[in-house]
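> My structure is stored as entry01.txt, with compact mmCIF, C-alpha atoms and all ligand atoms.
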```txt
# COMPACT_ATOMS: atom_id res chain seq x y z
CA MET A 1 102.12 108.86 103.24
CA SER A 2 100.99 105.28 103.70
CA GLN A 3 103.91 104.28 105.90
CA ASN A 4 103.37 103.81 109.60
CA THR A 5 99.87 105.18 109.50
CA SER A 6 96.44 103.68 109.19
CA TYR A 7 94.63 103.66 105.90
CA SER A 8 91.94 106.02 107.27
CA ASN A 9 94.51 108.57 108.49
CA GLU A 10 96.34 108.39 105.19
CA ALA A 11 93.08 108.93 103.31
CA ARG A 12 92.16 111.92 105.52
CA ALA A 13 95.57 113.50 104.97
CA TYR A 14 95.37 112.98 101.23
CA GLU A 15 91.84 114.39 101.00
CA GLN A 16 92.84 117.43 103.07
CA LEU A 17 95.94 118.02 100.94
CA GLU A 18 93.91 117.77 97.74
CA ARG A 19 91.24 120.12 99.06
CA THR A 20 93.46 122.80 100.58
CA ILE A 21 96.48 122.91 98.25
CA GLY A 22 96.04 120.44 95.43
CA ILE A 23 98.13 117.42 94.57
CA GLU A 24 99.66 118.72 91.35
CA PRO A 25 103.45 119.05 91.58
CA GLY A 26 103.30 122.73 90.57
CA ARG A 27 100.96 123.62 93.43
CA LEU A 28 102.93 121.61 95.98
CA ALA A 29 106.22 123.10 94.83
CA GLU A 30 104.86 126.59 95.41
CA ALA A 31 103.19 125.82 98.75
CA GLY A 32 104.95 126.43 102.04
CA ILE A 33 106.25 123.52 104.09
CA GLU A 34 104.07 124.58 107.04
CA GLU A 35 101.02 124.71 104.79
CA ILE A 36 101.65 121.19 103.49
CA ALA A 37 102.41 119.92 107.00
CA SER A 38 99.14 121.29 108.31
CA ALA A 39 97.19 119.62 105.49
CA ILE A 40 98.73 116.19 106.00
CA ARG A 41 98.77 116.28 109.79
CA PRO A 42 96.36 113.28 110.15
CA ALA A 43 99.01 111.00 108.60
CA GLY A 44 101.56 111.80 111.31
CA MET A 45 105.23 112.75 110.90
CA HIS A 46 103.77 115.69 108.99
CA ASN A 47 106.75 118.05 109.27
CA ILE A 48 109.21 115.52 107.84
CA ARG A 49 106.77 114.38 105.20
CA ALA A 50 105.98 117.95 104.17
CA LYS A 51 109.65 118.67 103.49
CA VAL A 52 109.93 115.54 101.34
CA ILE A 53 106.73 116.32 99.43
CA LYS A 54 107.90 119.85 98.73
CA ARG A 55 111.37 118.77 97.62
CA LEU A 56 109.97 115.98 95.43
CA SER A 57 107.50 118.37 93.81
CA GLU A 58 110.22 120.92 93.12
CA ILE A 59 112.32 118.28 91.36
CA VAL A 60 109.36 116.98 89.34
CA VAL A 61 108.63 120.54 88.22
CA SER A 62 112.20 121.59 87.46
CA LYS A 63 113.50 118.34 85.96
CA TYR A 64 110.37 116.83 84.41
CA ASN A 65 108.24 119.88 83.76
CA GLY A 66 105.69 118.62 86.27
CA ASP A 67 105.08 115.32 84.51
CA ILE A 68 106.89 112.06 85.20
CA SER A 69 105.44 110.26 82.18
CA ARG A 70 108.78 110.53 80.43
CA ILE A 71 110.21 108.29 83.16
CA LEU A 72 107.35 105.84 82.84
CA ILE A 73 107.84 105.21 79.13
CA LYS A 74 111.36 103.92 79.77
CA GLU A 75 112.27 100.26 80.10
CA LEU A 76 111.16 98.81 83.45
CA GLN A 77 114.48 98.68 85.30
CA GLU A 78 115.65 102.05 84.05
CA ALA A 79 112.34 103.66 85.01
CA ARG A 80 112.42 101.98 88.42
CA GLU A 81 115.93 103.17 89.20
CA GLU A 82 115.09 106.71 88.15
CA LEU A 83 111.97 106.79 90.32
CA ILE A 84 113.84 105.43 93.34
CA ARG A 85 116.41 108.20 93.01
CA LEU A 86 113.67 110.77 93.67
CA PRO A 87 113.36 111.96 97.28
CA GLY A 88 110.83 110.01 99.35
CA VAL A 89 110.25 107.38 96.67
CA GLY A 90 111.15 103.90 97.88
CA ARG A 91 110.87 100.57 96.12
CA LYS A 92 107.25 100.00 97.02
CA SER A 93 106.14 103.47 95.92
CA ALA A 94 108.11 103.16 92.68
CA ASP A 95 106.57 99.76 91.99
CA VAL A 96 103.05 101.03 92.67
CA ILE A 97 103.60 103.85 90.16
CA LEU A 98 105.07 101.45 87.61
CA LEU A 99 102.24 98.94 87.93
CA PHE A 100 99.27 101.27 88.12
CA GLU A 101 100.43 104.26 86.08
CA ALA A 102 102.63 102.55 83.50
CA ASN A 103 101.17 99.03 83.36
CA LYS A 104 104.61 97.50 83.92
CA PRO A 105 104.83 93.83 85.00
CA ILE A 106 105.86 94.38 88.60
CA MET A 107 104.37 93.44 91.98
CA PRO A 108 104.57 96.05 94.74
CA VAL A 109 104.91 94.41 98.15
CA ASP A 110 103.44 96.13 101.18
CA ARG A 111 103.32 94.89 104.79
CA HIS A 112 100.10 92.93 104.22
CA ILE A 113 101.54 91.13 101.22
CA PHE A 114 104.77 90.38 103.08
CA ARG A 115 102.82 88.86 105.94
CA ILE A 116 100.47 86.78 103.79
CA THR A 117 103.34 85.47 101.67
CA GLU A 118 105.18 84.30 104.76
CA ARG A 119 102.15 82.78 106.42
CA LEU A 120 101.29 80.84 103.31
CA GLY A 121 104.82 79.45 103.29
CA LEU A 122 105.69 80.96 99.92
CA VAL A 123 108.85 82.40 101.48
CA SER A 124 110.64 81.70 104.73
CA GLY A 125 110.99 84.50 107.29
CA ASN A 126 113.12 87.61 106.82
CA GLN A 127 113.24 87.55 103.07
CA SER A 128 114.10 90.75 101.24
CA TYR A 129 111.61 92.93 99.44
CA GLU A 130 113.13 91.97 96.09
CA ARG A 131 112.94 88.25 96.85
CA VAL A 132 109.27 88.37 97.82
CA ARG A 133 108.48 90.53 94.81
CA SER A 134 110.17 88.18 92.38
CA ILE A 135 108.48 85.08 93.86
CA LEU A 136 105.06 86.67 93.55
CA GLU A 137 105.80 87.81 90.01
CA SER A 138 106.68 84.22 89.12
CA ILE A 139 103.36 82.96 90.53
CA ILE A 140 100.86 85.63 89.49
CA PRO A 141 100.20 86.02 85.75
CA ARG A 142 101.28 89.37 84.36
CA GLU A 143 97.75 90.43 83.44
CA GLU A 144 96.57 89.76 87.00
CA LEU A 145 99.23 91.68 88.90
CA GLU A 146 97.04 94.73 89.51
CA MET A 147 94.10 92.73 90.75
CA GLY A 148 96.40 90.40 92.67
CA HIS A 149 98.05 93.31 94.46
CA LEU A 150 94.75 94.93 95.45
CA SER A 151 93.15 91.61 96.44
CA LEU A 152 96.06 90.61 98.67
CA ILE A 153 95.97 93.95 100.48
CA GLU A 154 92.24 93.63 101.04
CA PHE A 155 92.69 90.04 102.21
CA GLY A 156 95.39 91.22 104.64
CA ARG A 157 93.18 93.98 106.00
CA ARG A 158 90.08 91.88 106.46
CA ILE A 159 91.08 88.23 106.96
CA CYS A 160 94.80 87.56 107.30
CA ARG A 161 95.17 90.45 109.73
CA ALA A 162 98.43 91.12 111.52
CA ARG A 163 97.24 90.74 115.10
CA THR A 164 94.16 88.60 114.81
CA PRO A 165 93.99 86.61 111.59
CA LEU A 166 90.56 85.12 110.99
CA CYS A 167 91.83 81.66 110.12
CA GLY A 168 88.49 80.13 111.10
CA SER A 169 86.76 81.90 108.24
CA CYS A 170 89.63 81.89 105.77
CA PHE A 171 88.94 80.17 102.45
CA ILE A 172 92.49 78.86 102.16
CA ALA A 173 92.92 77.67 105.76
CA GLU A 174 92.97 74.05 104.60
CA SER A 175 96.13 74.60 102.65
CA CYS A 176 97.77 77.26 104.83
CA PRO A 177 100.71 75.95 106.86
CA SER A 178 100.35 78.75 109.41
CA ALA A 179 96.74 77.84 110.16
CA LYS A 180 97.48 74.11 110.36
CA LEU A 181 100.57 74.40 112.46
CA GLY A 182 99.34 77.22 114.64
CA LYS A 183 102.28 79.36 113.70
CA VAL A 184 100.43 82.67 113.69
CA LYS A 185 101.52 84.62 116.72
CA GLY A 186 99.62 87.86 116.37
CA ASN A 187 101.46 90.42 118.46
CA ARG A 188 104.94 89.23 117.64
CA ARG A 189 104.07 89.15 113.96
CA ALA A 190 102.49 92.57 114.11
CA ARG A 191 105.63 94.07 115.65
CA ALA A 192 107.80 92.38 113.06
CA ASP A 193 105.53 93.64 110.28
CA ARG A 194 105.73 97.19 111.52
CA ALA A 195 109.49 97.06 111.94
CA ARG A 196 110.03 95.62 108.51
CA ASP A 197 107.53 97.91 106.84
CA THR A 198 109.55 100.85 108.07
CA GLY A 199 112.43 99.57 106.01
CA VAL A 200 110.42 98.66 102.96
CA ASP A 201 110.02 102.09 101.56
CA ASP A 202 112.70 104.22 103.12
S1 LIG B 301 94.56 80.52 107.33
FE1 LIG B 301 95.02 82.25 108.68
S2 LIG B 301 97.22 82.63 108.44
FE2 LIG B 301 96.56 81.32 106.71
S3 LIG B 301 96.10 82.77 105.06
FE3 LIG B 301 94.17 82.36 106.14
S4 LIG B 301 94.00 83.99 107.68
FE4 LIG B 301 96.15 83.95 106.96
```
Take the structure in the file and give it back as structure tokens.


Amino acid sequence: MSQNTSYSNEARAYEQLERTIGIEPGRLAEAGIEEIASAIRPAGMHNIRAKVIKRLSEIVVSKYNGDISRILIKELQEAREELIRLPGVGRKSADVILLFEANKPIMPVDRHIFRITERLGLVSGNQSYERVRSILESIIPREELEMGHLSLIEFGRRICRARTPLCGSCFIAESCPSAKLGKVKGNRRARADRARDTGVDD
């Protein structure tokens, strides 16, 4: 539900879903699409998302007995491919599950991390999700991937923001090519971020 919605709307939708229906696959599989849609309305695109949530839950219940841990114990690539085959689960979502639920050495890349990586000159523009992921995995030590992921998102939300990056108060401005060269063009970047983020997890 994080795509194309603000963090606060996503959080409201999640909280409402948890309170009114529950987030366990069994409960979601039994709930009506309209019921789910109503609960997640704050996130937007609620009718489409409700159908995906219901279908995904039904598969998790019927194929995995309501528990995907048997996917997560598999080798990284095999587990990743199996997760991505599930409805509504894109690369980023799969990687988040693999990192945080299975402690696999993988770096999920969201729109904030894409933007920061480009601005810092770690990748040139229009790189693929997989390319950015593998570059970050080669830089960040395995045991720091979780903290690195969360810290980069927070940094992107608060400092290296899409529209108005706070380069003046950024602790790495001295070594950031975008700050030095004045390459940050807020609105154009923000549009590009949104467009690309749509493709990240579809
Ligand atoms: S200096 Fe500006 S563009 Fe560079 S990382 Fe900091 S906030 Fe982002």

> Within 6 Å of ligand LIG 301 (chain B), which residues of chain A show up? Give each one with its shortest atom-to-atom distance in Å (one decimal) and the two atoms involved, counting all atoms listed in the file, rows by chain then rising residue number, as a Markdown table.


```
| residue | atom | partner | partner_atom | distance |
| --- | --- | --- | --- | --- |
| A:Arg119 | CA | B:LIG301 | S2 | 5.3 |
| A:Leu120 | CA | B:LIG301 | S3 | 5.8 |
| A:Ile159 | CA | B:LIG301 | S4 | 5.2 |
| A:Cys160 | CA | B:LIG301 | S4 | 3.7 |
| A:Pro165 | CA | B:LIG301 | S4 | 4.7 |
| A:Leu166 | CA | B:LIG301 | S4 | 4.9 |
| A:Cys167 | CA | B:LIG301 | FE1 | 3.5 |
| A:Cys170 | CA | B:LIG301 | FE3 | 4.6 |
| A:Ile172 | CA | B:LIG301 | FE3 | 5.6 |
| A:Ala173 | CA | B:LIG301 | S1 | 3.6 |
| A:Cys176 | CA | B:LIG301 | FE2 | 4.6 |
| A:Ser178 | CA | B:LIG301 | S2 | 5.1 |
| A:Ala179 | CA | B:LIG301 | S1 | 4.5 |
```

> Could you tell me how far atom CA of A:Pro25 lies from atom CA of A:Pro105, in Å and to one decimal?

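Here the two named atoms are 26.1 Å from each other.
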
> Please enclose the listed atoms of stretch 65-79 of chain A in an axis-aligned box, pad each side by 5 Å, and write out the centre and the three edge lengths in Å, rounded to one decimal, as JSON.


```
{"center_x": 110.4, "center_y": 109.3, "center_z": 82.7, "size_x": 20.6, "size_y": 31.2, "size_z": 17.1}
```

> So that I can check the surroundings of stretch 144-146 of chain A, please list as a list in words every protein, DNA and RNA residue that reaches within 10 Å of it, counting all atoms listed in the file and ignoring chain neighbours fewer than 6 positions away.

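Near neighbours after the sequence-gap exclusion: Val96, Leu99, Phe100, Asn103, Lys104, Pro105, Ile106, Met107, Pro108, Leu136 and Glu137 of chain A.
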
> Interatomic distance between atom CA of A:Gly66 and atom CA of A:His149?

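A separation of 27.7 Å between them.
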
> From (97.1, 111.6, 103.2), in the file's coordinates, out to 8 Å: which residues are reached, counting only C-alpha atoms? Answer as a VMD selection string.

chain A and resid 1 to 2 9 to 17 40 42 to 43

> Go ahead and save the picked residues with C-alpha atoms, as a PDB file, in the frame of the given file.


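Saved the output as result-v8.pdb:
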```
ATOM      1  CA  MET A   1     102.120 108.860 103.240  1.00  0.00           C
ATOM      2  CA  SER A   2     100.990 105.280 103.700  1.00  0.00           C
ATOM      3  CA  ASN A   9      94.510 108.570 108.490  1.00  0.00           C
ATOM      4  CA  GLU A  10      96.340 108.390 105.190  1.00  0.00           C
ATOM      5  CA  ALA A  11      93.080 108.930 103.310  1.00  0.00           C
ATOM      6  CA  ARG A  12      92.160 111.920 105.520  1.00  0.00           C
ATOM      7  CA  ALA A  13      95.570 113.500 104.970  1.00  0.00           C
ATOM      8  CA  TYR A  14      95.370 112.980 101.230  1.00  0.00           C
ATOM      9  CA  GLU A  15      91.840 114.390 101.000  1.00  0.00           C
ATOM     10  CA  GLN A  16      92.840 117.430 103.070  1.00  0.00           C
ATOM     11  CA  LEU A  17      95.940 118.020 100.940  1.00  0.00           C
ATOM     12  CA  ILE A  40      98.730 116.190 106.000  1.00  0.00           C
ATOM     13  CA  PRO A  42      96.360 113.280 110.150  1.00  0.00           C
ATOM     14  CA  ALA A  43      99.010 111.000 108.600  1.00  0.00           C
TER      15      ALA A  43
END
```

> Interatomic distance between atom CA of A:Glu58 and atom CA of A:Gly26?

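The value is 7.6 Å.
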
> For A:Val60, which of A:Arg27, A:Arg41, A:Arg19, A:Arg142 is the closest residue, counting all atoms listed in the file?

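Of A:Arg27, A:Arg41, A:Arg19, A:Arg142, the one nearest A:Val60, counting all atoms listed in the file, is A:Arg27.
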
> From the list A:Arg157, A:Arg133, A:Arg70, A:Lys54, which residue is nearest A:Phe114 when using all atoms listed in the file?

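Between A:Arg157, A:Arg133, A:Arg70, A:Lys54, the residue approaching A:Phe114 most closely is A:Arg133.
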
> Residues around (111.3, 106.3, 89.7), cut-off 9 Å, counting only C-alpha atoms - what are they as number ranges by chain?

A: 68, 71-72, 78-86, 89-91, 93-95, 97-98

> Using all atoms listed in the file, find the one residue out of A:Ser124, A:Leu56, A:Pro141, A:Arg158 that sits nearest to A:Gly88.

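Among the listed residues, A:Leu56 lies closest to A:Gly88.
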